[in-house]
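Reviewing the structure listed below.
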Amino acid sequence: METRVAVAAIIVEDPASVTPLNDLLHQYSAYIIGRMGIPYKEKDIAIISIAMDAPQDVISALTGKIGRLKGVTVKTTYSSF
């Protein structure tokens, strides 16, 4: 199956969503190239970026599940190939 490279930018505003988010990322770890997390204590949020190489439907499934978490926002950008 053809894969695409994508980067998901995630903002976590509800600390209670951190564990479910980490569980989701673990479930999709086979597709994750790298992850960077930045705690922004002044605003009490976390900023996370996830680089992935996966089929389009897998990326959409993961980001859709992330976006349904309370207090979590996700935006994704894709490579052209």
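Going by the structure tokens order, chains are called A, B, ..., each with residues numbered from 1, while ligands are numbered from 1 in the order shown.
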All strand (DSSP E) residues (DSSP, backbone) inside chain A, as a PyMOL selection string: chain A and resi 4-12+32-40+45-54+72-78
Selection: 12 Å around Ile38 in chain A, only C-alpha atoms, excl. self and same-chain fewer than 6 positions, as a list in words: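 That gives Ala9, Ile10, Ile11, Val12, Asp44, Ile45, Ala46, Ile47, Ile48, Ser49 and Ile50 of chain A.
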Dump C-alpha atoms for the selected residues as an mmCIF file, in the first residue's frame?
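New file out.cif:
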data_model
loop_
_atom_site.group_PDB
_atom_site.id
_atom_site.type_symbol
_atom_site.label_atom_id
_atom_site.label_comp_id
_atom_site.auth_asym_id
_atom_site.auth_seq_id
_atom_site.Cartn_x
_atom_site.Cartn_y
_atom_site.Cartn_z
ATOM 1 C CA ALA A 9 0.765 19.376 15.190
ATOM 2 C CA ILE A 10 -1.049 18.676 18.452
ATOM 3 C CA ILE A 11 -1.997 21.125 21.211
ATOM 4 C CA VAL A 12 -3.081 19.582 24.518
ATOM 5 C CA ASP A 44 -0.301 25.080 31.014
ATOM 6 C CA ILE A 45 -0.414 23.320 27.627
ATOM 7 C CA ALA A 46 1.661 20.773 25.751
ATOM 8 C CA ILE A 47 2.768 21.169 22.132
ATOM 9 C CA ILE A 48 3.511 17.917 20.321
ATOM 10 C CA SER A 49 4.585 17.216 16.760
ATOM 11 C CA ILE A 50 4.404 13.756 15.235
#
DSSP helix (DSSP H, G or I) residues within chain A, as a ChimeraX atom specification: /A:15-27,29-31,56-67
Who sits within 8 Å of range 15-22 of chain A, only C-alpha atoms, same chain under 4 positions skipped, as JSON, numbers by chain: {"A": [26, 45, 66, 69, 70, 71, 72]}
Just write the chosen residues, N, CA and C atoms, as a compact mmCIF listing (two decimals), in the first residue's frame.
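Output (out_6.txt):
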# COMPACT_ATOMS: atom_id res chain seq x y z
N HIS A 26 0.91 5.16 20.98
CA HIS A 26 1.53 3.83 21.13
C HIS A 26 0.89 2.83 20.15
N ILE A 45 -0.06 24.15 28.78
CA ILE A 45 -0.41 23.32 27.63
C ILE A 45 0.81 22.50 27.22
N ILE A 66 -7.40 11.46 17.65
CA ILE A 66 -6.76 12.49 18.48
C ILE A 66 -7.67 13.71 18.60
N LEU A 69 -10.38 13.78 21.28
CA LEU A 69 -10.04 13.84 22.70
C LEU A 69 -10.39 15.22 23.26
N LYS A 70 -10.89 15.24 24.49
CA LYS A 70 -11.29 16.49 25.12
C LYS A 70 -10.07 17.40 25.33
N GLY A 71 -10.18 18.64 24.88
CA GLY A 71 -9.12 19.62 25.10
C GLY A 71 -7.90 19.42 24.23
N VAL A 72 -8.05 18.70 23.11
CA VAL A 72 -6.93 18.43 22.21
C VAL A 72 -7.30 18.92 20.80
Top pick for closest residue to Ala61 in chain A, considering A:Met1, A:Ser80, A:Tyr28, A:Gly34 and counting only C-alpha atoms: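 Using only C-alpha atoms, Ala61 in chain A sits closest to A:Tyr28.
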Straight-line distance linking CA of Val7 in chain A with CA of Ile33 in chain A, stated in Å to one decimal: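 We find that CA of Val7 in chain A and CA of Ile33 in chain A lie 9.7 Å from each other.
You can rank A:Leu24, A:Asp14, A:Arg4, A:Phe81 by their closest distance to Thr63 in chain A using only C-alpha atoms, and at the top of that list sits A:Leu24.
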Residue with smallest distance to Arg35 in chain A - pool A:Ala54, A:Ile59, A:Ala8, A:Val74, counting only C-alpha atoms: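 Nearest to Arg35 in chain A: A:Ala8.
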Separation of CA of Lys65 in chain A from CA of Glu42 in chain A, in Å and rounded to one decimal: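 Separation between CA of Lys65 in chain A and CA of Glu42 in chain A: 27.2 Å.
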Å distance separating CA of Gln27 in chain A from CA of Lys43 in chain A, one decimal place: 28.5 Å
9 Å contact set for Tyr31 in chain A, only C-alpha atoms, chain neighbours under 5 positions out, as a ChimeraX atom specification: /A:51-55,58-59
